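What follows is one structure encoded as structure tokens, with my remarks underneath.
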Amino acid sequence: MYDLGKQFVFDMSHGKANDANIIKGNKYRFTILTERLIRFEYSETGEFVDEITSFAWYRDFPKCEFSVKQDDKYLEITTPYFKVEYQKERGFIGPKTFPGAYLRVTLENADRVWYYGHPEVRNYGGSNVSLDDFTGDLKLDNGLYSADGFASIDDSDSLIFDEKGVLVPKKSKSTDIYLFAYRKDFGLCLKDYFTLTSLPPMIPRYAFGNWWSKMANYNKADIVDLIDKFKKEEIPISILLLDNTWHIKNESGTGFTFDHDLYENPKELVDFVHSNNIVLGVNIDPSFGIYPSEYNYDKACQYLGVPKGNIINFDPNSPRFIDVYLKLFIHVIESYGVDFFWIDYKPTKNDLINLFLLDHYHTMDMERIMNKRPLILTRNAKIAPHRYPINYSGRTISSFNTLKNLPFYNSSSANSGISFWSHDIGGFYKGIEDKELYLRYIQLGVFSPILRFSSIEGKYYKKEPWKQDYKTLEITRDYLQLRHRLIPYIYSESYKYHKTGKPLVTPIYYKVPEMYDDEKVRNQYYFGEEMLIAPIVTKKEEVMNRVIHRFYLPEGVWYDFKTGKKFPGNRDYISFYKDEDYPVFVNEGGIIVLSNQNVNSTRVPNSLEIQIFPGKNNTYYLYEDDGITTLYKEGYYLVTSIDYNYRENNYTVIIRPVEGKTGIIPEKRDYKIRFRNVKKADDVIVYINDKEVIPNTYVDDTDFIVEVKEVPTIGQLTINCKGKNIEIDAVRLINEDIDSIISDIPIETLMKEKISEIMFSELPIKKKRIAIRKLKKEKIDDLFIRLFLRLLEYVETTTKS
């Protein structure tokens with residue numbers, strides 16, 4: 001038994017299930033973990049696994065209520081969710097002609113039956129290993145969400161942990177299946193899954209900022225220039241990620257030793273990056289082995305008994321190799337101050353276990369660094385991938401085809417418990433560098449858990465914002481600044497994921513199941529509790545210079561996050577989006593917390609903007625901690641309640657801490673409360689604790705702003721606004737879109753007036769079409785005639801919906 005170190009050892013006692021939940025025979029053992037989750041084991045030798053496996057870490061669920069009927073040959077188990085029927089000691093699969101002969105599970109109050117070997121063809125899919133060089137249709141491995149209301153996971157071939165935290169093969173072969181039989185209660189299914197495998201970790205706060213990476217031979221001077229350029233352009237970044245050019249080169253392309261021709265003093269480089277409030281990560285791929293050019297190579301050969309001059313083969317199944325690899329190579333890199341690793345290991349289908357072992361040992365090894373949260377960026381090894389925890393989608397092709405699959409890919413991953421996918425903004429290589437594609441990628445990235453630029457080297461790969469034209473640069477700057485401002489919201493939603501298992505990104509069909517098969521809206525997703533995103537993944541119509549975008553808004557009242565325009569829900573919409581616009585919606589009563597600081601630092605801000613949308617009461621819980629250490633586990637965090645009490649023309653907001661400890665956030669903070677779609681209130685009363693203060697109030701376009709300075713963060717801030725008819729009922733109208741299009745098209749102004757008269761007249765659609773066609777006599781280009789005929793189609797569609 002090899003001792004890797006105390007950081008690899010954790011409480012192994014949770015592997016053994018509660019005896020009260022177990023029904024056992026000579027060759028079978030069934031464990032009813034919850035009313036919805038059962039473990040089936042079968043072993044010819046009668047040996048069963050109580051050790052924790054690479055997949056299942058916690059089987060000690062509380063006693064579960066179920067009923068049992070059995071005799072010498074037959075066993076029946078019933079819970080409120082399912083009924084198990086089993087012919088004892090007969091295995092699971094039965095005769096080839098009838099695979100459910102010996103074991104079958106029937107869902108209660110549903111016409112659904114599961115058996116061992118069930119094809120589960122109605123599974124909605126979860127995720128896959130990566131999207132490296134993806135060009136075709138999206139293919140997803142099974143997840144937990146199914147129209148049948150059940151899903152199974154086979155743990156038969158998993159490794160088990162020994163007492164030292166080393167993963168080893170099972171002592172004997174057995175069948176080991178977990179069946180999630182939840183009917184329509186998928187939220188409870190996810191809860192059971194995370195209880196069994198462990199909840200997602202709390203990743204560092206800096207991970208939610210803007211990442212920069214490029215496969216370029218950066219030297220120290222290049223990095224200084226790069227960071228200065230970001231500063232000059234007022235574009236914040238939180239992570240600099242060095243691709244595989246930072247190390248000494250060998251024929252494999254990988255390495256673990258800083259190239260001193262590029263970085264004479266690696267520690268000085270890291271210190272410089274840190275001094276700019278930027279974190280540094282580096283790319284590694286140990287699957288090629290360790291070459292003689294590496295620092296500490298001779299020592300590694302000595303410990304491993306490898307003849308000098310030979311490549312040391314990658315062997316994550318060997319604890320001795322892992323020990324040497326970590327101590328002699330990884331720890332040396334960390335000694336310079338490198339913060340985390342990008343594990344760029346692209347496994348084959350049969351090599352996933354090696355990727356898993358590498359991910360696990362890397363993550364656990366970082367636990368040795370006092371109070372530091374582990375973080376790696378890696379491809380999906382498909383064994384509880386949420387634990388390891390940012391999934392890298394691989395080196396993707398620059399194309400709209402890639403982009404159009406990403407939103408559904410991200411949201412479907414919630415079916416496998418995954419929230420943190422990281423994609424190359426704009427695609428990594430190949431394809432065509434296109435400014436419209438670039439912007440739509442950035443906008444999707446802003447409203448995704450992770451935003452990471454990455455591309456291959458080459459003078460025509462223009463991922464740097466300042467290499468774009470002026471308009472594209474301006475839009476890019478606005479969105480990347482917005483991303484850093486959104487960190488308080490994203491971090492709070494990440495905490496919910498860590499605490500409860502509720503994914504940050506969830507598909508729209510979770511709340512509107514019939515939308516799964518609707519192609520026009522299947523890309524839509526919820527981003528946290530408060531936002532709904534309807535991403536743009538197609539090119540714009542050149543004549544109108546806008547994207548024609550169809551989307552659906554669920555029940556309720558929704559507001560456009562940018563404009564504040566109001567959208568009644570439970571209906572389809574068509575809108576026309578310029579390059580700078582993006583369809584992000586907030587439900588009535590929504591509360592969005594933004595940082596009011598535009599800096600690289602992702603630490604807790606001392607100034608916040610809280611945007612509040614009218615319509616109904618709501619309470620939002622803002623979670624904050626130091627963002628880096630594990631001290632939050634000891635209670636060093638603060639939860640602040642933002643309570644919005646809505647009455648028409650009379651709003652009250654109360655902000656106060658409700659959980660945690662003091663000293664976590666600044667003692668005082670400035671607040672800007674932005675009431676969306678609200679006119680200037682007649683009366684504004686503000687209290688800090690029991691003392692009335694005079695706020696700064698003003699109107700900004702269609703929003704009413706209340707600013708309060710120097711508010712003690714452990715006190716209570718109370719704001720009441722009231723007046724007569726202060727709420728703006730700005731319902732979005734398609735006529736406004738059409739009027740904007742008419743204004744922008746390059747035709748004579750007098751002709752625009754004629755077109756406007758036709759488009760906005762009381763004529764029926766049919767007669768409007770005739771009138772538009774007659775404009776050909778005015779020598780208007782056919783392009784514009786076709787454009788307005790098409791717009792009339794959208795008007796007709798919108799009117800019908």
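Chain labels run A, B, ... following the order of the structure tokens; each chain numbers its residues from 1, and ligands are numbered from 1 in the order shown.
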
(Q) Give me, as a ChimeraX atom specification, the residues of region 368-554 of chain A that a backbone DSSP run labels strand (DSSP E or B). (A) /A:372,376-378,390-392,397,421-422,424-425,429,451-453,456,505-507,525-527,531-533,541,546-553

(Q) List as a list in words the protein and nucleic acid residues near Asp625 (chain A), meaning an atom at most 9 Å away when only C-alpha atoms are counted, but skip any in the same chain fewer than 6 places from it. (A) Arg205, Arg603, Val604, Leu631, Tyr632, Tyr636, Tyr637, Leu638, Val639, Ile664 and Ile665 of chain A

Q.
as a PyMOL selection string, please: every residue in region 635-751 of chain A that a backbone DSSP assignment puts in alpha helix (DSSP H).
A. chain A and resi 734-744+749-751

Q | Selection near Gln597 (chain A), 9 Å with only C-alpha atoms, sequence-local residues under 6 positions removed, as a PyMOL selection string | A | chain A and resi 484-485+605-608

May I have the residues from that selection written out with all heavy atoms, as a PDB file, in the first residue's frame?
ATOM      1  N   HIS A 484     -17.265  41.155 -15.985  1.00  0.00           N
ATOM      2  CA  HIS A 484     -16.658  41.331 -14.669  1.00  0.00           C
ATOM      3  C   HIS A 484     -17.631  41.957 -13.676  1.00  0.00           C
ATOM      4  O   HIS A 484     -17.588  41.659 -12.480  1.00  0.00           O
ATOM      5  CB  HIS A 484     -15.374  42.151 -14.783  1.00  0.00           C
ATOM      6  CG  HIS A 484     -14.158  41.283 -14.942  1.00  0.00           C
ATOM      7  ND1 HIS A 484     -13.069  41.348 -14.128  1.00  0.00           N
ATOM      8  CD2 HIS A 484     -13.888  40.296 -15.833  1.00  0.00           C
ATOM      9  CE1 HIS A 484     -12.169  40.453 -14.503  1.00  0.00           C
ATOM     10  NE2 HIS A 484     -12.642  39.813 -15.543  1.00  0.00           N
ATOM     11  N   ARG A 485     -18.516  42.800 -14.178  1.00  0.00           N
ATOM     12  CA  ARG A 485     -19.519  43.392 -13.283  1.00  0.00           C
ATOM     13  C   ARG A 485     -20.521  42.338 -12.806  1.00  0.00           C
ATOM     14  O   ARG A 485     -21.089  42.457 -11.722  1.00  0.00           O
ATOM     15  CB  ARG A 485     -20.257  44.523 -13.999  1.00  0.00           C
ATOM     16  CG  ARG A 485     -19.371  45.714 -14.362  1.00  0.00           C
ATOM     17  CD  ARG A 485     -20.211  46.896 -14.801  1.00  0.00           C
ATOM     18  NE  ARG A 485     -21.008  47.382 -13.689  1.00  0.00           N
ATOM     19  CZ  ARG A 485     -22.237  47.891 -13.807  1.00  0.00           C
ATOM     20  NH1 ARG A 485     -22.822  47.959 -14.996  1.00  0.00           N
ATOM     21  NH2 ARG A 485     -22.880  48.314 -12.753  1.00  0.00           N
ATOM     22  N   PRO A 605     -16.228  43.456  -4.100  1.00  0.00           N
ATOM     23  CA  PRO A 605     -16.193  44.898  -4.381  1.00  0.00           C
ATOM     24  C   PRO A 605     -16.737  45.721  -3.221  1.00  0.00           C
ATOM     25  O   PRO A 605     -17.563  45.244  -2.432  1.00  0.00           O
ATOM     26  CB  PRO A 605     -17.091  45.028  -5.613  1.00  0.00           C
ATOM     27  CG  PRO A 605     -18.057  43.893  -5.499  1.00  0.00           C
ATOM     28  CD  PRO A 605     -17.296  42.771  -4.846  1.00  0.00           C
ATOM     29  N   ASN A 606     -16.285  46.973  -3.152  1.00  0.00           N
ATOM     30  CA  ASN A 606     -16.819  47.877  -2.122  1.00  0.00           C
ATOM     31  C   ASN A 606     -17.910  48.782  -2.678  1.00  0.00           C
ATOM     32  O   ASN A 606     -18.370  49.697  -2.013  1.00  0.00           O
ATOM     33  CB  ASN A 606     -15.706  48.710  -1.485  1.00  0.00           C
ATOM     34  CG  ASN A 606     -14.912  49.495  -2.510  1.00  0.00           C
ATOM     35  OD1 ASN A 606     -15.411  49.779  -3.608  1.00  0.00           O
ATOM     36  ND2 ASN A 606     -13.677  49.838  -2.181  1.00  0.00           N
ATOM     37  N   SER A 607     -18.318  48.515  -3.923  1.00  0.00           N
ATOM     38  CA  SER A 607     -19.410  49.267  -4.522  1.00  0.00           C
ATOM     39  C   SER A 607     -20.237  48.321  -5.385  1.00  0.00           C
ATOM     40  O   SER A 607     -19.689  47.602  -6.216  1.00  0.00           O
ATOM     41  CB  SER A 607     -18.852  50.419  -5.375  1.00  0.00           C
ATOM     42  OG  SER A 607     -19.895  51.156  -5.983  1.00  0.00           O
ATOM     43  N   LEU A 608     -21.537  48.305  -5.163  1.00  0.00           N
ATOM     44  CA  LEU A 608     -22.432  47.412  -5.898  1.00  0.00           C
ATOM     45  C   LEU A 608     -23.539  48.202  -6.581  1.00  0.00           C
ATOM     46  O   LEU A 608     -24.014  49.218  -6.067  1.00  0.00           O
ATOM     47  CB  LEU A 608     -23.080  46.390  -4.956  1.00  0.00           C
ATOM     48  CG  LEU A 608     -22.218  45.279  -4.366  1.00  0.00           C
ATOM     49  CD1 LEU A 608     -23.063  44.415  -3.444  1.00  0.00           C
ATOM     50  CD2 LEU A 608     -21.583  44.429  -5.458  1.00  0.00           C
TER      51      LEU A 608
END

Q: Would you mind telling me which residue in A:Gly627, A:Pro554, A:Pro488, A:Pro614 lies nearest to Phe704 (chain A) when using only C-alpha atoms?
A: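 Distance minimum relative to Phe704 (chain A) lands on A:Pro614.
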
Tell me which protein, DNA and RNA residues are within 7 Å of region 250-267 of chain A, counting only C-alpha atoms, leaving out same-chain ones fewer than 3 positions away, and put them as an mmCIF file with C-alpha atoms, in the first residue's frame.
data_model
loop_
_atom_site.group_PDB
_atom_site.id
_atom_site.type_symbol
_atom_site.label_atom_id
_atom_site.label_comp_id
_atom_site.auth_asym_id
_atom_site.auth_seq_id
_atom_site.Cartn_x
_atom_site.Cartn_y
_atom_site.Cartn_z
ATOM 1 C CA ASN A 219 8.195 35.940 -23.474
ATOM 2 C CA LYS A 220 8.226 38.167 -20.408
ATOM 3 C CA ASN A 244 1.964 24.657 -24.396
ATOM 4 C CA TRP A 246 5.886 28.098 -21.997
ATOM 5 C CA HIS A 247 8.164 25.099 -21.422
ATOM 6 C CA VAL A 270 4.445 35.130 -11.983
ATOM 7 C CA ASP A 271 4.891 37.943 -9.469
ATOM 8 C CA ILE A 284 0.437 20.458 -19.340
ATOM 9 C CA ASP A 285 -0.058 17.048 -20.954
ATOM 10 C CA PHE A 288 3.494 11.766 -23.593
ATOM 11 C CA GLU A 294 13.167 18.052 -17.874
ATOM 12 C CA TYR A 295 14.386 19.500 -14.621
ATOM 13 C CA PHE A 329 7.639 18.291 -11.560
ATOM 14 C CA TYR A 336 7.091 29.733 -8.775
ATOM 15 C CA GLY A 337 3.554 30.769 -7.829
#

Spatial neighbours of region 616-624 of chain A, 6 Å, only C-alpha atoms, chain gap at least 2 places, as a compact mmCIF listing (two decimals) with N, CA and C atoms, in the first residue's frame:
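Done, and the output landed in selection.txt:
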# COMPACT_ATOMS: atom_id res chain seq x y z
N SER A 492 -22.66 34.08 -6.66
CA SER A 492 -23.76 33.67 -5.77
C SER A 492 -24.50 32.47 -6.33
N GLY A 589 -39.86 41.14 -10.96
CA GLY A 589 -39.34 41.02 -9.60
C GLY A 589 -37.89 40.61 -9.54
N TYR A 637 -17.82 33.45 5.69
CA TYR A 637 -18.52 33.96 4.51
C TYR A 637 -19.64 34.83 5.00
N LEU A 638 -20.28 35.53 4.10
CA LEU A 638 -21.42 36.36 4.46
C LEU A 638 -22.50 36.24 3.40
N VAL A 639 -23.73 36.02 3.84
CA VAL A 639 -24.90 36.02 2.96
C VAL A 639 -25.71 37.27 3.28
N THR A 640 -25.94 38.08 2.26
CA THR A 640 -26.70 39.32 2.42
C THR A 640 -28.04 39.17 1.72
N SER A 641 -29.09 39.46 2.44
CA SER A 641 -30.45 39.38 1.89
C SER A 641 -30.81 40.71 1.24
N ILE A 642 -31.31 40.63 0.00
CA ILE A 642 -31.84 41.82 -0.69
C ILE A 642 -33.32 41.55 -0.88
N ASP A 643 -34.12 42.17 -0.06
CA ASP A 643 -35.55 41.89 -0.01
C ASP A 643 -36.32 43.01 -0.71
N TYR A 644 -37.06 42.65 -1.75
CA TYR A 644 -37.80 43.63 -2.55
C TYR A 644 -39.29 43.41 -2.32
N ASN A 645 -39.92 44.41 -1.73
CA ASN A 645 -41.36 44.35 -1.50
C ASN A 645 -42.03 45.26 -2.53
N TYR A 646 -42.80 44.62 -3.42
CA TYR A 646 -43.38 45.35 -4.54
C TYR A 646 -44.87 45.61 -4.30

Q | One-decimal distance in Å that lies between CA of Glu580 (chain A) and CA of Ile747 (chain A) | A |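 Spanning CA of Ile747 (chain A) to CA of Glu580 (chain A) is a straight-line distance of 23.0 Å.
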
Could the residues of region 149-250 of chain A that have an atom at most 8 Å from region 72-82 of chain A be listed as a tab-separated table, each with its closest atom pair and the distance in Å to one decimal, counting only C-alpha atoms and ordered by chain and ascending residue number?
residue	atom	partner	partner_atom	distance
A:Ala181	CA	A:Tyr81	CA	6.7
A:Tyr182	CA	A:Tyr81	CA	6.4
A:Arg183	CA	A:Tyr81	CA	7.1

(Q) Please determine, counting only C-alpha atoms, which residue among A:Lys459, A:His14, A:Lys435, A:Arg452 has the shortest atom-to-atom distance to Ala216 (chain A). (A)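 Closest candidate: A:Lys459.
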
**Q.** Contacts of Glu163 (chain A) at 12 Å (only C-alpha atoms; same-chain gap of 6+ positions) as JSON, numbers by chain
**A.** {"A": [1, 2, 3, 4, 5, 6, 8, 9, 10, 11, 12, 13, 51, 52]}

Within 6 Å of Gly590 (chain A), counting only C-alpha atoms, which residues qualify if same-chain residues fewer than 5 places away don't, as a PDB file with all heavy atoms, in the first residue's frame?
ATOM      1  N   GLU A 530     -32.243  34.076 -11.973  1.00  0.00           N
ATOM      2  CA  GLU A 530     -32.922  35.308 -12.367  1.00  0.00           C
ATOM      3  C   GLU A 530     -32.939  35.583 -13.869  1.00  0.00           C
ATOM      4  O   GLU A 530     -33.692  36.445 -14.311  1.00  0.00           O
ATOM      5  CB  GLU A 530     -32.251  36.503 -11.658  1.00  0.00           C
ATOM      6  CG  GLU A 530     -32.134  36.371 -10.149  1.00  0.00           C
ATOM      7  CD  GLU A 530     -33.467  36.497  -9.445  1.00  0.00           C
ATOM      8  OE1 GLU A 530     -34.189  37.468  -9.692  1.00  0.00           O
ATOM      9  OE2 GLU A 530     -33.792  35.605  -8.637  1.00  0.00           O
ATOM     10  N   ILE A 612     -33.215  46.132 -10.094  1.00  0.00           N
ATOM     11  CA  ILE A 612     -34.458  45.532  -9.630  1.00  0.00           C
ATOM     12  C   ILE A 612     -35.546  45.786 -10.668  1.00  0.00           C
ATOM     13  O   ILE A 612     -35.788  46.934 -11.067  1.00  0.00           O
ATOM     14  CB  ILE A 612     -34.878  46.096  -8.264  1.00  0.00           C
ATOM     15  CG1 ILE A 612     -33.775  45.823  -7.228  1.00  0.00           C
ATOM     16  CG2 ILE A 612     -36.200  45.490  -7.807  1.00  0.00           C
ATOM     17  CD1 ILE A 612     -34.052  46.416  -5.862  1.00  0.00           C
ATOM     18  N   PHE A 613     -36.184  44.709 -11.092  1.00  0.00           N
ATOM     19  CA  PHE A 613     -37.239  44.799 -12.100  1.00  0.00           C
ATOM     20  C   PHE A 613     -38.602  44.727 -11.418  1.00  0.00           C
ATOM     21  O   PHE A 613     -38.794  43.926 -10.499  1.00  0.00           O
ATOM     22  CB  PHE A 613     -37.075  43.672 -13.117  1.00  0.00           C
ATOM     23  CG  PHE A 613     -35.834  43.803 -13.954  1.00  0.00           C
ATOM     24  CD1 PHE A 613     -34.593  43.431 -13.450  1.00  0.00           C
ATOM     25  CD2 PHE A 613     -35.899  44.323 -15.234  1.00  0.00           C
ATOM     26  CE1 PHE A 613     -33.445  43.562 -14.209  1.00  0.00           C
ATOM     27  CE2 PHE A 613     -34.748  44.461 -16.009  1.00  0.00           C
ATOM     28  CZ  PHE A 613     -33.513  44.082 -15.489  1.00  0.00           C
TER      29      PHE A 613
END

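CA of Arg440 (chain A) sits 23.8 Å away from CA of Arg790 (chain A).
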